[in-house]
>>> print(open('run-v6.cif').read())   # mmCIF, C-alpha atoms
data_run
#
loop_
_atom_site.label_atom_id
_atom_site.label_comp_id
_atom_site.auth_asym_id
_atom_site.auth_seq_id
_atom_site.Cartn_x
_atom_site.Cartn_y
_atom_site.Cartn_z
CA MET A 1 23.81 23.02 -66.17
CA ALA A 2 23.72 23.00 -62.38
CA ILE A 3 26.02 25.48 -60.59
CA PHE A 4 27.63 24.56 -57.25
CA LEU A 5 27.65 27.62 -54.98
CA LYS A 6 29.01 25.53 -52.10
CA THR A 7 30.73 22.15 -52.12
CA GLY A 8 31.87 19.72 -49.44
CA ILE A 9 34.85 17.40 -49.17
CA SER A 10 36.15 15.69 -52.28
CA ALA A 11 35.08 12.24 -53.44
CA GLU A 12 38.67 11.08 -52.93
CA GLN A 13 38.70 12.17 -49.28
CA ASP A 14 35.32 10.55 -48.73
CA ALA A 15 36.61 7.28 -50.21
CA ALA A 16 39.71 7.41 -48.02
CA ASP A 17 37.58 7.88 -44.90
CA ILE A 18 35.42 4.91 -45.88
CA ALA A 19 38.50 2.73 -46.39
CA LYS A 20 39.67 3.46 -42.84
CA VAL A 21 36.26 2.54 -41.46
CA ARG A 22 36.23 -0.69 -43.47
CA LYS A 23 39.52 -1.95 -42.02
CA THR A 24 38.54 -1.09 -38.46
CA VAL A 25 35.24 -2.93 -38.79
CA GLU A 26 36.90 -5.99 -40.36
CA ASP A 27 39.21 -6.31 -37.35
CA ILE A 28 36.40 -5.88 -34.81
CA LEU A 29 34.14 -8.48 -36.43
CA ALA A 30 37.00 -10.96 -36.67
CA ASP A 31 37.68 -10.45 -32.97
CA ILE A 32 34.04 -11.04 -32.06
CA GLU A 33 33.82 -14.16 -34.21
CA LYS A 34 36.93 -15.59 -32.58
CA HIS A 35 36.47 -14.56 -28.96
CA GLY A 36 32.70 -14.05 -28.58
CA ASP A 37 31.58 -12.57 -25.26
CA ALA A 38 35.13 -11.72 -24.19
CA ALA A 39 35.63 -9.60 -27.30
CA VAL A 40 32.26 -7.88 -26.88
CA ARG A 41 33.13 -7.02 -23.28
CA GLU A 42 36.59 -5.72 -24.16
CA LEU A 43 35.23 -3.63 -27.03
CA SER A 44 32.44 -2.25 -24.85
CA LYS A 45 35.01 -1.20 -22.24
CA LYS A 46 37.21 0.37 -24.92
CA PHE A 47 34.57 2.32 -26.84
CA ASP A 48 31.82 2.92 -24.26
CA ASN A 49 33.59 2.48 -20.92
CA TRP A 50 30.86 -0.03 -20.11
CA SER A 51 31.33 -3.50 -18.62
CA PRO A 52 28.31 -4.59 -16.55
CA GLU A 53 27.95 -8.00 -14.97
CA ASN A 54 25.36 -8.86 -17.62
CA PHE A 55 24.78 -6.96 -20.87
CA ARG A 56 21.22 -8.27 -21.07
CA MET A 57 18.82 -6.19 -19.03
CA SER A 58 16.63 -8.00 -16.52
CA LYS A 59 12.87 -7.54 -16.30
CA GLY A 60 13.36 -5.50 -13.12
CA GLU A 61 15.95 -3.22 -14.71
CA ILE A 62 13.66 -2.61 -17.67
CA GLU A 63 10.69 -1.80 -15.44
CA ASP A 64 12.87 0.55 -13.38
CA CYS A 65 13.81 2.47 -16.54
CA VAL A 66 10.14 2.89 -17.44
CA ARG A 67 9.35 4.11 -13.89
CA GLN A 68 12.06 6.77 -14.12
CA LEU A 69 10.33 8.51 -17.00
CA PRO A 70 7.69 11.24 -16.55
CA LYS A 71 4.22 10.11 -17.58
CA GLN A 72 4.23 12.60 -20.46
CA VAL A 73 7.35 10.99 -21.94
CA VAL A 74 5.83 7.51 -21.72
CA ASP A 75 2.60 8.77 -23.25
CA ASP A 76 4.51 10.44 -26.08
CA ILE A 77 6.46 7.24 -26.77
CA LYS A 78 3.19 5.31 -26.87
CA PHE A 79 1.65 7.89 -29.24
CA ALA A 80 4.60 7.68 -31.62
CA GLN A 81 4.55 3.89 -31.55
CA GLU A 82 0.83 3.88 -32.25
CA GLN A 83 1.45 5.89 -35.43
CA ILE A 84 4.30 3.63 -36.60
CA ARG A 85 2.30 0.51 -35.72
CA ASN A 86 -0.78 1.77 -37.54
CA PHE A 87 1.05 2.54 -40.79
CA ALA A 88 3.05 -0.70 -40.58
CA GLN A 89 -0.20 -2.64 -40.19
CA ILE A 90 -1.64 -0.87 -43.24
CA GLN A 91 1.45 -1.96 -45.18
CA ARG A 92 1.20 -5.50 -43.80
CA ASP A 93 -2.43 -5.73 -44.85
CA ALA A 94 -1.39 -4.79 -48.39
CA LEU A 95 0.68 -7.99 -48.60
CA ARG A 96 -1.43 -10.90 -49.73
CA ASP A 97 -0.74 -14.59 -50.06
CA VAL A 98 -1.74 -15.73 -53.53
CA GLU A 99 -2.68 -19.06 -55.12
CA VAL A 100 -3.87 -19.28 -58.72
CA GLU A 101 -4.37 -21.95 -61.38
CA THR A 102 -2.23 -20.52 -64.21
CA LEU A 103 -2.93 -23.45 -66.57
CA PRO A 104 -5.35 -26.35 -66.20
CA GLY A 105 -3.91 -28.44 -63.37
CA VAL A 106 -1.03 -26.05 -62.60
CA VAL A 107 -1.37 -24.19 -59.31
CA LEU A 108 1.20 -21.55 -58.35
CA GLY A 109 1.29 -19.42 -55.25
CA HIS A 110 3.32 -17.49 -52.76
CA LYS A 111 3.25 -17.09 -49.00
CA ASN A 112 4.48 -14.10 -47.01
CA ILE A 113 6.50 -15.56 -44.15
CA PRO A 114 8.08 -13.43 -41.38
CA VAL A 115 11.74 -14.08 -40.65
CA ASN A 116 12.17 -15.96 -37.39
CA SER A 117 14.50 -13.61 -35.54
CA VAL A 118 15.73 -10.04 -35.87
CA GLY A 119 18.37 -8.00 -34.08
CA CYS A 120 17.39 -4.33 -33.89
CA TYR A 121 20.07 -1.72 -33.33
CA VAL A 122 19.14 1.58 -31.70
CA PRO A 123 21.83 4.29 -31.87
CA GLY A 124 22.32 6.23 -28.67
CA GLY A 125 25.91 7.16 -27.97
CA LYS A 126 25.74 10.82 -29.04
CA TYR A 127 21.98 11.33 -28.86
CA PRO A 128 19.43 8.95 -27.28
CA LEU A 129 17.62 8.07 -30.52
CA VAL A 130 14.44 6.78 -28.93
CA ALA A 131 12.56 6.84 -32.23
CA SER A 132 14.84 4.23 -33.79
CA ALA A 133 13.39 1.66 -31.40
CA HIS A 134 9.91 2.35 -32.74
CA MET A 135 11.01 2.03 -36.34
CA SER A 136 12.64 -1.38 -36.09
CA VAL A 137 11.12 -3.14 -33.08
CA VAL A 138 7.50 -2.10 -33.65
CA THR A 139 7.68 -2.79 -37.38
CA ALA A 140 9.22 -6.23 -36.85
CA ARG A 141 6.50 -7.06 -34.33
CA VAL A 142 3.76 -6.06 -36.78
CA ALA A 143 5.44 -8.21 -39.43
CA GLY A 144 5.11 -11.22 -37.12
CA VAL A 145 8.77 -11.85 -36.23
CA LYS A 146 8.90 -14.43 -33.43
CA ARG A 147 12.08 -13.30 -31.65
CA ILE A 148 13.15 -9.66 -31.53
CA ILE A 149 16.28 -8.62 -29.67
CA SER A 150 17.46 -5.06 -29.39
CA CYS A 151 20.77 -3.39 -28.58
CA ALA A 152 21.59 0.20 -27.70
CA PRO A 153 24.81 1.68 -26.31
CA PRO A 154 25.00 3.16 -22.83
CA TYR A 155 24.28 6.87 -22.67
CA GLN A 156 26.40 8.85 -20.21
CA GLY A 157 27.43 5.69 -18.40
CA LYS A 158 24.14 3.79 -18.15
CA PRO A 159 21.17 2.51 -20.19
CA HIS A 160 19.05 5.42 -21.31
CA PRO A 161 15.60 4.99 -19.70
CA ALA A 162 13.65 6.34 -22.68
CA ILE A 163 15.44 4.07 -25.16
CA VAL A 164 14.89 1.06 -22.92
CA ALA A 165 11.23 1.99 -22.46
CA ALA A 166 10.75 2.36 -26.21
CA MET A 167 12.35 -1.02 -26.93
CA HIS A 168 10.26 -2.67 -24.22
CA LEU A 169 6.96 -1.01 -25.14
CA GLY A 170 7.67 -1.71 -28.81
CA GLY A 171 7.82 -5.45 -28.14
CA ALA A 172 11.49 -6.45 -27.83
CA ASP A 173 11.94 -9.90 -26.29
CA GLU A 174 15.55 -9.32 -25.19
CA ILE A 175 17.24 -5.98 -24.48
CA TYR A 176 21.02 -5.55 -24.33
CA THR A 177 23.08 -2.49 -23.48
CA ILE A 178 25.77 -2.86 -26.13
CA GLY A 179 26.72 -0.33 -28.76
CA GLY A 180 28.45 0.03 -32.10
CA VAL A 181 30.06 -2.69 -34.17
CA GLN A 182 30.24 -4.99 -31.14
CA ALA A 183 26.43 -4.94 -30.91
CA ILE A 184 25.98 -5.67 -34.60
CA GLY A 185 28.58 -8.46 -34.48
CA ALA A 186 27.08 -10.05 -31.37
CA MET A 187 23.55 -10.08 -32.79
CA ALA A 188 24.65 -11.39 -36.19
CA LEU A 189 27.38 -13.85 -35.23
CA GLY A 190 26.16 -14.82 -31.77
CA THR A 191 28.15 -15.49 -28.61
CA ALA A 192 27.88 -17.92 -25.72
CA THR A 193 25.24 -15.68 -24.13
CA ILE A 194 23.56 -14.14 -27.18
CA LYS A 195 21.84 -16.42 -29.65
CA PRO A 196 22.41 -15.12 -33.22
CA THR A 197 19.60 -13.65 -35.27
CA ASP A 198 18.62 -14.21 -38.89
CA MET A 199 18.54 -10.50 -39.71
CA ILE A 200 19.89 -7.15 -38.50
CA ALA A 201 17.94 -3.90 -38.73
CA GLY A 202 18.36 -0.30 -37.69
CA PRO A 203 20.42 2.77 -38.55
CA GLY A 204 23.78 3.83 -37.16
CA ASN A 205 27.01 5.67 -37.76
CA ALA A 206 29.52 4.85 -40.49
CA PHE A 207 30.98 1.97 -38.46
CA VAL A 208 27.58 0.38 -37.81
CA ALA A 209 26.62 0.73 -41.48
CA GLU A 210 29.91 -0.85 -42.56
CA ALA A 211 29.43 -3.74 -40.12
CA LYS A 212 26.03 -4.45 -41.65
CA ARG A 213 27.55 -4.29 -45.12
CA GLN A 214 30.27 -6.79 -44.24
CA LEU A 215 27.80 -9.17 -42.58
CA SER A 216 25.21 -8.95 -45.34
CA GLY A 217 24.76 -12.42 -46.78
CA ARG A 218 25.73 -14.20 -43.59
CA VAL A 219 22.60 -12.61 -42.15
CA GLY A 220 19.93 -10.50 -43.74
CA ILE A 221 20.00 -6.76 -43.32
CA ASP A 222 17.27 -4.20 -43.79
CA LEU A 223 19.35 -1.80 -45.88
CA PHE A 224 22.50 0.31 -45.77
CA ALA A 225 21.44 3.10 -43.42
CA GLY A 226 24.49 5.12 -42.47
CA PRO A 227 24.99 8.78 -41.52
CA THR A 228 21.90 10.89 -42.14
CA GLU A 229 21.50 12.76 -45.43
CA THR A 230 19.06 15.51 -46.28
CA LEU A 231 18.24 17.27 -49.53
CA ILE A 232 16.04 20.35 -49.62
CA ILE A 233 14.43 21.26 -52.94
CA ALA A 234 13.12 24.80 -52.83
CA ASP A 235 12.11 27.68 -55.08
CA ASP A 236 11.39 31.34 -54.38
CA SER A 237 8.15 30.42 -52.60
CA CYS A 238 10.33 29.32 -49.68
CA ASP A 239 12.45 31.52 -47.41
CA ALA A 240 16.00 31.20 -46.15
CA GLU A 241 15.00 30.75 -42.51
CA MET A 242 12.99 27.63 -43.37
CA CYS A 243 15.75 26.21 -45.57
CA ALA A 244 18.52 26.85 -43.06
CA THR A 245 16.52 25.49 -40.13
CA ASP A 246 15.72 22.28 -41.96
CA LEU A 247 19.28 21.81 -43.26
CA LEU A 248 20.79 22.19 -39.79
CA GLY A 249 18.04 20.07 -38.27
CA GLN A 250 19.55 17.08 -40.02
CA ALA A 251 23.21 18.19 -40.08
CA GLU A 252 23.24 17.93 -36.29
CA HIS A 253 23.03 14.14 -36.55
CA GLY A 254 26.78 13.91 -37.06
CA PRO A 255 29.85 15.66 -38.50
CA ASN A 256 29.60 13.57 -41.68
CA SER A 257 25.89 14.14 -42.39
CA PRO A 258 25.37 15.68 -45.85
CA ALA A 259 22.91 18.59 -46.01
CA ILE A 260 22.19 19.92 -49.50
CA LEU A 261 20.07 22.75 -50.86
CA LEU A 262 18.86 22.41 -54.45
CA THR A 263 17.14 25.50 -55.81
CA ASN A 264 16.36 27.50 -58.94
CA SER A 265 16.59 30.77 -57.01
CA ARG A 266 20.04 32.36 -56.69
CA LYS A 267 18.71 34.77 -54.08
CA LEU A 268 17.38 31.93 -51.93
CA ALA A 269 20.67 30.06 -52.32
CA GLU A 270 22.79 33.02 -51.22
CA ASP A 271 20.41 34.01 -48.43
CA THR A 272 20.36 30.45 -47.09
CA ILE A 273 24.16 30.29 -46.89
CA LYS A 274 24.10 33.48 -44.80
CA GLU A 275 21.18 32.25 -42.68
CA VAL A 276 22.93 28.95 -41.90
CA GLU A 277 25.91 30.87 -40.54
CA ARG A 278 23.59 33.10 -38.50
CA GLN A 279 21.71 30.16 -36.97
CA LEU A 280 24.97 28.38 -36.13
CA GLN A 281 25.75 31.23 -33.74
CA THR A 282 22.90 30.17 -31.44
CA LEU A 283 22.19 26.49 -32.21
CA SER A 284 23.13 24.36 -29.20
CA THR A 285 24.35 21.55 -31.47
CA ALA A 286 26.36 23.92 -33.67
CA ALA A 287 29.66 22.12 -33.04
CA ILE A 288 28.35 19.04 -34.85
CA ALA A 289 25.98 20.68 -37.32
CA GLY A 290 28.57 23.31 -38.27
CA GLN A 291 31.20 20.70 -39.02
CA ALA A 292 28.75 18.72 -41.13
CA TRP A 293 27.78 21.87 -43.04
CA LYS A 294 31.41 22.85 -43.56
CA ASP A 295 32.56 19.43 -44.81
CA TYR A 296 29.42 17.96 -46.40
CA GLY A 297 27.05 20.86 -47.04
CA GLN A 298 26.27 21.82 -50.63
CA VAL A 299 24.22 24.50 -52.36
CA ILE A 300 23.31 23.75 -55.98
CA LEU A 301 21.65 26.23 -58.32
CA CYS A 302 19.52 24.81 -61.14
CA LYS A 303 17.76 26.37 -64.12
CA ASP A 304 14.28 24.91 -63.64
CA TYR A 305 12.21 22.08 -62.16
CA PRO A 306 13.32 19.44 -64.70
CA GLU A 307 16.99 20.12 -63.93
CA MET A 308 16.23 20.01 -60.22
CA VAL A 309 14.67 16.57 -60.68
CA ARG A 310 17.73 15.34 -62.60
CA GLU A 311 20.09 16.60 -59.90
CA ALA A 312 17.92 15.20 -57.12
CA ASP A 313 17.85 11.77 -58.76
CA ARG A 314 21.64 11.92 -59.20
CA ILE A 315 22.10 12.72 -55.51
CA ALA A 316 19.58 10.02 -54.47
CA SER A 317 19.31 11.41 -50.95
CA GLU A 318 17.92 9.64 -47.92
CA HIS A 319 15.52 12.47 -47.06
CA VAL A 320 14.14 14.87 -49.67
CA GLN A 321 12.16 17.86 -48.46
CA VAL A 322 10.26 19.70 -51.20
CA MET A 323 9.26 23.31 -50.54
CA THR A 324 8.16 24.63 -53.92
CA LYS A 325 5.04 26.04 -55.55
CA GLU A 326 4.33 22.59 -57.01
CA PRO A 327 5.65 19.91 -54.64
CA ASP A 328 3.63 17.18 -56.36
CA TYR A 329 5.67 17.77 -59.53
CA PHE A 330 8.58 16.13 -57.71
CA LEU A 331 6.39 13.32 -56.38
CA ARG A 332 5.36 12.55 -59.96
CA ASN A 333 8.81 12.82 -61.51
CA MET A 334 11.48 11.84 -58.99
CA THR A 335 12.62 8.21 -58.82
CA ASN A 336 15.60 8.13 -56.42
CA TYR A 337 14.90 9.03 -52.78
CA GLY A 338 14.45 7.41 -49.41
CA ALA A 339 11.43 9.46 -48.34
CA LEU A 340 9.71 12.60 -49.63
CA PHE A 341 8.38 15.38 -47.42
CA LEU A 342 6.04 17.48 -49.50
CA GLY A 343 5.42 21.13 -48.65
CA PRO A 344 6.70 23.41 -45.88
CA GLU A 345 4.01 22.17 -43.49
CA THR A 346 5.90 18.90 -42.98
CA ASN A 347 9.58 18.22 -42.39
CA VAL A 348 12.10 15.43 -41.89
CA SER A 349 11.84 15.68 -38.11
CA TYR A 350 8.20 14.55 -38.28
CA GLY A 351 9.27 11.45 -40.17
CA ASP A 352 12.22 10.88 -37.86
CA LYS A 353 10.19 10.92 -34.69
CA VAL A 354 6.45 10.46 -34.80
CA ILE A 355 4.29 10.76 -37.91
CA GLY A 356 4.19 7.05 -38.82
CA THR A 357 6.44 6.51 -41.84
CA ASN A 358 9.70 4.72 -41.09
CA HIS A 359 12.87 6.73 -40.58
CA THR A 360 15.36 3.97 -41.40
CA LEU A 361 16.13 4.91 -44.98
CA PRO A 362 18.77 4.26 -47.67
CA THR A 363 21.94 6.38 -47.68
CA ARG A 364 24.99 6.78 -49.94
CA LYS A 365 22.90 6.55 -53.12
CA ALA A 366 21.27 3.24 -52.16
CA ALA A 367 17.94 4.96 -52.91
CA ARG A 368 18.69 4.15 -56.56
CA TYR A 369 17.70 0.53 -55.88
CA THR A 370 15.86 0.27 -52.57
CA GLY A 371 13.31 2.03 -50.44
CA GLY A 372 13.45 2.31 -46.67
CA LEU A 373 12.62 -0.05 -43.86
CA TRP A 374 9.02 -1.20 -43.86
CA VAL A 375 7.10 -4.21 -42.67
CA GLY A 376 7.89 -6.08 -45.91
CA LYS A 377 11.63 -6.05 -45.13
CA PHE A 378 10.95 -8.52 -42.33
CA ILE A 379 8.90 -10.82 -44.57
CA LYS A 380 10.03 -13.44 -47.08
CA THR A 381 7.76 -13.91 -50.07
CA CYS A 382 8.22 -17.60 -50.85
CA THR A 383 6.70 -19.37 -53.85
CA TYR A 384 5.27 -22.88 -54.16
CA GLN A 385 3.69 -25.01 -56.88
CA ARG A 386 1.25 -27.89 -57.07
CA VAL A 387 0.65 -29.81 -60.33
CA LYS A 388 -1.91 -32.45 -61.36
CA PRO A 389 -0.67 -35.56 -63.22
CA GLU A 390 -2.01 -34.59 -66.67
CA ALA A 391 -0.52 -31.10 -66.35
CA SER A 392 2.81 -32.55 -65.22
CA ALA A 393 3.12 -34.52 -68.44
CA MET A 394 2.30 -31.46 -70.54
CA ILE A 395 4.74 -29.14 -68.69
CA GLY A 396 7.30 -31.98 -68.77
CA GLU A 397 7.42 -31.98 -72.57
CA TYR A 398 8.30 -28.30 -72.70
CA CYS A 399 10.78 -28.70 -69.85
CA SER A 400 12.49 -31.71 -71.45
CA ARG A 401 13.10 -29.87 -74.71
CA LEU A 402 14.37 -26.74 -72.96
CA CYS A 403 16.74 -28.82 -70.79
CA ALA A 404 18.13 -30.42 -73.92
CA VAL A 405 18.88 -26.97 -75.36
CA GLU A 406 20.91 -26.15 -72.26
CA GLY A 407 22.61 -29.54 -72.05
CA PHE A 408 21.26 -30.36 -68.59
CA ALA A 409 20.82 -34.13 -68.79
CA GLY A 410 19.81 -34.58 -65.16
CA HIS A 411 17.20 -31.86 -65.37
CA LYS A 412 15.86 -33.43 -68.57
CA ALA A 413 15.61 -36.80 -66.82
CA GLN A 414 13.42 -35.26 -64.13
CA ALA A 415 10.99 -34.03 -66.78
CA ASP A 416 11.15 -37.23 -68.83
CA LEU A 417 10.25 -39.36 -65.81
CA ARG A 418 7.08 -37.34 -65.32
CA ILE A 419 6.22 -37.65 -69.01
CA LYS A 420 6.65 -41.42 -68.74
CA ARG A 421 4.65 -41.75 -65.53
CA TYR A 422 1.81 -39.37 -66.28
CA GLY A 423 1.75 -39.13 -70.07
CA ARG A 424 -0.79 -41.92 -70.47
CA LEU A 425 -3.22 -40.00 -68.30
CA ARG A 426 -2.89 -37.01 -70.56
CA ALA A 427 -3.47 -39.16 -73.65
CA ALA A 428 -6.56 -40.65 -72.09
#
>>> encode(input="run-v6.cif", output="structure tokens")
Amino acid sequence: MAIFLKTGISAEQDAADIAKVRKTVEDILADIEKHGDAAVRELSKKFDNWSPENFRMSKGEIEDCVRQLPKQVVDDIKFAQEQIRNFAQIQRDALRDVEVETLPGVVLGHKNIPVNSVGCYVPGGKYPLVASAHMSVVTARVAGVKRIISCAPPYQGKPHPAIVAAMHLGGADEIYTIGGVQAIGAMALGTATIKPTDMIAGPGNAFVAEAKRQLSGRVGIDLFAGPTETLIIADDSCDAEMCATDLLGQAEHGPNSPAILLTNSRKLAEDTIKEVERQLQTLSTAAIAGQAWKDYGQVILCKDYPEMVREADRIASEHVQVMTKEPDYFLRNMTNYGALFLGPETNVSYGDKVIGTNHTLPTRKAARYTGGLWVGKFIKTCTYQRVKPEASAMIGEYCSRLCAVEGFAGHKAQADLRIKRYGRLRAA
């Protein structure tokens, strides 16, 4: 049985925090729906101290942001986007339209159709999360979305040049400097100046994630991608410095970011707890990472690999970093995770920023039923059918009888009409 050497806040406290977020978001979305642009402006002033003449950035403002950046930064953004674009295209190429004759005269098929418009949210209030622009905007463009708009909050009182450059270079058609729930509400519900989108994508804090949850159904969403989570699975082949560095590397996202070590080595577990405290003495983001570790950090000691797999699947973490003698054992046996990072040579930061896989991933146990953002999230797989007269009469007989079993007279009449019209052709 797994032993908890360190635990975080209680499930009850976590639920209470979520309830507070839920009510706040409900009120904000209702305000946006009722008052549109005026509400967005008021909320932007309240939360971001930002009220420009126009939230949408002009072509000149966008170009000015790109010019402000050193060439190396622009080149690095382009390199990262090339990797995301390349892998997204590989995924897109794996999706095939199909059409097959399943019975004589019965043709069934499906088409992969991109959604028409997407609103991409790029977090940037605490940190300028440039990479989030690659993950949503670039992927939507590869999918074939016709209209892509993107929102990011102001950073230190103005649009962050690197975020704007990434959205622009990634292929955004419209760029707005709006943050938080007001951005999600504006893109989903629309205002007098912002045409609504069919879908919202992108990660964010607890408030952004809750806004997407409440709007899901009115618009499509990619997935519930809230505060970052990381799970490290390690055995005695790994060292405490590596574990602590990688735990804090994700804990710095926010004070409510879970960072968990799962191991079958008591020594590694105890050494990692000490090493985390040591690294917090010098880490520049220790105020955030330390709070996350204190409130949400866990260290769990397991007996063996099978128990580690069971615990990992129970946790269903967004990121799972495997640093064991046999990392592929976990690839073969785990079922609940957002993304796997196999071996000490890779890490979550690679996936977050540049390597090519998407960093918008399921949180809060959503990995039990969904994977992360990928090109297929922006595509609808829609079926169609085409039937020849003789086949219609044959299928109609089965359909008529099955409709009678269910008591659907109108449905039965649809089938019976085809039997009447086309039955003679079948007999012939």
>>> closest_residue(input="run-v6.cif", among="A:Glu63, A:Glu101, A:Asp198, A:Glu252", to="Ser117 in chain A", atoms="only C-alpha atoms")
A:Asp198
>>> residues_around(input="run-v6.cif", residues="range 150-157 of chain A", least_positions_apart="5", cutoff="8 Å", atoms="only C-alpha atoms", output="list in words")
Asp48, Asn49, Trp50, Gly119, Cys120, Tyr121, Val122, Pro123, Gly124, Gly125, Lys126, Tyr127, Pro128, Val137, Ile163, Met167, Ala172, Asp173, Glu174, Ile175, Tyr176, Thr177, Ile178, Gly179, Gly180 and Ala183 of chain A
>>> write_last_selection(input="run-v6.cif", atoms="C-alpha atoms", output="PDB file, in the coordinates of the input")
ATOM      1  CA  ASP A  48      31.820   2.920 -24.260  1.00  0.00           C
ATOM      2  CA  ASN A  49      33.590   2.480 -20.920  1.00  0.00           C
ATOM      3  CA  TRP A  50      30.860  -0.030 -20.110  1.00  0.00           C
ATOM      4  CA  GLY A 119      18.370  -8.000 -34.080  1.00  0.00           C
ATOM      5  CA  CYS A 120      17.390  -4.330 -33.890  1.00  0.00           C
ATOM      6  CA  TYR A 121      20.070  -1.720 -33.330  1.00  0.00           C
ATOM      7  CA  VAL A 122      19.140   1.580 -31.700  1.00  0.00           C
ATOM      8  CA  PRO A 123      21.830   4.290 -31.870  1.00  0.00           C
ATOM      9  CA  GLY A 124      22.320   6.230 -28.670  1.00  0.00           C
ATOM     10  CA  GLY A 125      25.910   7.160 -27.970  1.00  0.00           C
ATOM     11  CA  LYS A 126      25.740  10.820 -29.040  1.00  0.00           C
ATOM     12  CA  TYR A 127      21.980  11.330 -28.860  1.00  0.00           C
ATOM     13  CA  PRO A 128      19.430   8.950 -27.280  1.00  0.00           C
ATOM     14  CA  VAL A 137      11.120  -3.140 -33.080  1.00  0.00           C
ATOM     15  CA  ILE A 163      15.440   4.070 -25.160  1.00  0.00           C
ATOM     16  CA  MET A 167      12.350  -1.020 -26.930  1.00  0.00           C
ATOM     17  CA  ALA A 172      11.490  -6.450 -27.830  1.00  0.00           C
ATOM     18  CA  ASP A 173      11.940  -9.900 -26.290  1.00  0.00           C
ATOM     19  CA  GLU A 174      15.550  -9.320 -25.190  1.00  0.00           C
ATOM     20  CA  ILE A 175      17.240  -5.980 -24.480  1.00  0.00           C
ATOM     21  CA  TYR A 176      21.020  -5.550 -24.330  1.00  0.00           C
ATOM     22  CA  THR A 177      23.080  -2.490 -23.480  1.00  0.00           C
ATOM     23  CA  ILE A 178      25.770  -2.860 -26.130  1.00  0.00           C
ATOM     24  CA  GLY A 179      26.720  -0.330 -28.760  1.00  0.00           C
ATOM     25  CA  GLY A 180      28.450   0.030 -32.100  1.00  0.00           C
ATOM     26  CA  ALA A 183      26.430  -4.940 -30.910  1.00  0.00           C
TER      27      ALA A 183
END
>>> closest_residue(input="run-v6.cif", among="A:Gly290, A:Gly376, A:Gln214, A:Gly226", to="Ala251 in chain A", atoms="all atoms listed in the file")
A:Gly290
>>> resolve_selection(input="run-v6.cif", expression="the PyMOL selection byres ((chain A and resi 194) around 10)", output="PDB file with C-alpha atoms, keeping the file's coordinate frame")
ATOM      1  CA  GLY A  36      32.700 -14.050 -28.580  1.00  0.00           C
ATOM      2  CA  ASP A  37      31.580 -12.570 -25.260  1.00  0.00           C
ATOM      3  CA  PHE A  55      24.780  -6.960 -20.870  1.00  0.00           C
ATOM      4  CA  ARG A  56      21.220  -8.270 -21.070  1.00  0.00           C
ATOM      5  CA  ILE A 149      16.280  -8.620 -29.670  1.00  0.00           C
ATOM      6  CA  GLU A 174      15.550  -9.320 -25.190  1.00  0.00           C
ATOM      7  CA  TYR A 176      21.020  -5.550 -24.330  1.00  0.00           C
ATOM      8  CA  ALA A 186      27.080 -10.050 -31.370  1.00  0.00           C
ATOM      9  CA  MET A 187      23.550 -10.080 -32.790  1.00  0.00           C
ATOM     10  CA  ALA A 188      24.650 -11.390 -36.190  1.00  0.00           C
ATOM     11  CA  LEU A 189      27.380 -13.850 -35.230  1.00  0.00           C
ATOM     12  CA  GLY A 190      26.160 -14.820 -31.770  1.00  0.00           C
ATOM     13  CA  THR A 191      28.150 -15.490 -28.610  1.00  0.00           C
ATOM     14  CA  ALA A 192      27.880 -17.920 -25.720  1.00  0.00           C
ATOM     15  CA  THR A 193      25.240 -15.680 -24.130  1.00  0.00           C
ATOM     16  CA  LYS A 195      21.840 -16.420 -29.650  1.00  0.00           C
ATOM     17  CA  PRO A 196      22.410 -15.120 -33.220  1.00  0.00           C
ATOM     18  CA  THR A 197      19.600 -13.650 -35.270  1.00  0.00           C
TER      19      THR A 197
END
>>> atom_distance(input="run-v6.cif", atom1="CA of Val145 in chain A", atom2="CA of Ala201 in chain A")
12.4 Å
>>> residues_around(input="run-v6.cif", residues="Glu210 in chain A", least_positions_apart="2", cutoff="9 Å", atoms="only C-alpha atoms", output="ChimeraX atom specification")
/A:18,21-22,25-26,181,205-208,212-215,224,226
>>> closest_atom_pairs(input="run-v6.cif", of="range 169-226 of chain A", to="range 347-359 of chain A", cutoff="10 Å", atoms="all atoms listed in the file", output="CSV")
residue,atom,partner,partner_atom,distance
A:Gly202,CA,A:His359,CA,9.4
A:Pro203,CA,A:His359,CA,8.8
A:Ala225,CA,A:His359,CA,9.7
>>> axis_aligned_box(input="run-v6.cif", around="range 289-294 of chain A", padding_each_side="4 Å", output="AutoDock Vina command-line options")
--center_x 28.7 --center_y 21.0 --center_z -40.4 --size_x 13.4 --size_y 12.6 --size_z 14.2
>>> resolve_selection(input="run-v6.cif", expression="the PyMOL selection byres ((chain A and resi 66-70) around 9)", output="PyMOL selection string")
chain A and resi 61-65+71-75+161-162+164-166+168
>>> resolve_selection(input="run-v6.cif", expression="the PyMOL selection byres ((chain A and resi 138-143) around 10)", output="VMD selection string")
chain A and resid 81 to 82 84 to 93 112 to 115 117 to 120 132 to 137 144 to 148 166 to 172 201 358 373 to 379
>>> closest_residue(input="run-v6.cif", among="A:Ala287, A:Leu301, A:Ala2, A:Ile395", to="Lys412 in chain A", atoms="all atoms listed in the file")
A:Ile395
>>> atom_distance(input="run-v6.cif", atom1="CA of Met242 in chain A", atom2="CA of Gln83 in chain A")
25.9 Å
>>> atom_distance(input="run-v6.cif", atom1="CA of Ala11 in chain A", atom2="CA of Val276 in chain A")
23.7 Å
>>> residues_around(input="run-v6.cif", residues="Met308 in chain A", least_positions_apart="3", cutoff="10 Å", atoms="only C-alpha atoms", output="PyMOL selection string")
chain A and resi 2+233-234+262-264+300-305+311-314+330+334
